[in-house]
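Student: Shown below is the structure under consideration.
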Amino acid sequence: MYGQAHHPNSLQFTPPSLGNPCCRSSHQRPLTTLNTSLPSVVSPKNSPIQDAKKLLLEVKDLTAVIAESKQQILKGVNLAIYEGEVHAIMGKNGSGKSTLAKVLVGHRDYEVTGGTAVFKGEYLLDMEPEERSLAGLFMSFQSPIAIPGVNNIDFPNMAYNAQRRKLGQPELRPIEFYAYIFPKLELVKMKADFLNRNVNEGFSGGERRWNEILQLAVPGADLAILDEIDSGLDVDALRNVAEAVNGLLTPKISLLMITHYERLLNFVRPTFIHVMENGKIVKTVDISIAKLLEDEGYQAISAS
Ligand SMILES: Nc1ncnc2c1ncn2[C@@H]1O[C@H](COP(=O)(O)OP(=O)(O)OP(=O)(O)O)[C@@H](O)[C@H]1O
């Protein structure tokens, strides 16, 4: 039933239905917000009132092609993320993990050809990338770029003010924003002098990752997609970045992490791990399977 969807707790699951399997083409600019409340999941152990969780993102049968070549990359992705959950996507090189993330944030290299994605009750795929960000979707890219001439504090300040404008709140002046973000530096254990540098300019790989997490510290993100935040990091840097991520997690914020390595999952514990193959999520398991993946490779758990 729509309001009482079963929660995927281990092994394979079928994401709960939205109850209104709207068949309109997802690449058409539509209508508006879904006129239905978000479904919730209730833990049987506890009070339904306390533990009702909101479905944050539901992706159904999502297909997408590369805009230029029309090569199909996503071949029917299904995924459901509730608030406060940490999801990891693993899979071989080229299986479509980053493409899924980029399609969700509206990257213009890709064209959606079918399926739906509903984020906080709105049809995500019909929103402009900026609207998705303002709606609370954050993505850290695999290779964060340097932005010469743009100060590292101006960047999150602009993003934050855009969010505030949307909420009808007054913008924060730089000095006010500094006061706001300063305590966050401690939370992510970042030195204050990073704020005075240009965005990612001259940053090491680890510092770039760290800087991405600082952007996440600016409020507004309900779902953060972290694409290989562990790549190129030594174990100490990974621990630092993971601690920064953990420091920002709240029961309301959800994470979708893309990774190849079990070690990240030792630091940021996922609720579910999805295995992606050939443009689809072929399996969803809990954390116990990560070691098997690492030891025996994807064939050990590949689709039957
Ligand atoms: N913009 C693009 N132009 C051309 N090919 C692309 C583009 N985006 C994705 N692809 C191709 O789509 C396939 C999936 O790529 P994607 O980056 O999503 O894989 P991935 O699972 O994230 O891989 P990795 O683990 O190596 O990062 C790859 O074969 C890739 O070359």
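Naming scheme: A, B, ... for chains in displayed order of the structure tokens; residues 1 onward per chain; ligands 1 onward as shown.
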For stretch 91-105 of chain A, list every protein, DNA or RNA residue within 7 Å, evaluated using only C-alpha atoms, and leave out those in the same chain fewer than 4 positions away; present the list as number ranges by chain.

Tutor: A: 73-74, 110, 129, 132, 225, 227, 258, 260, 275-279

Student: Taking into account only C-alpha atoms, which residue in the set A:Ser69, A:Asn78, A:Ser288, A:Ser254 is nearest to A:Leu56?

Tutor: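 Once distances to A:Leu56 are computed over only C-alpha atoms, the minimum belongs to A:Ser254.
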
Student: To test your reading of the structure, identify every residue in stretch 52-254 of chain A that backbone DSSP assigns to alpha helix (DSSP H), and report it as an MDAnalysis selection string.

Tutor: chainID A and resid 97:105 129:135 154:166 174:187 205:217 235:248

Student: Using only C-alpha atoms, pick whichever of A:Leu223, A:Met139, A:Leu195, A:Val241 has the shortest atom-to-atom distance to A:Phe267.

Tutor: A:Val241
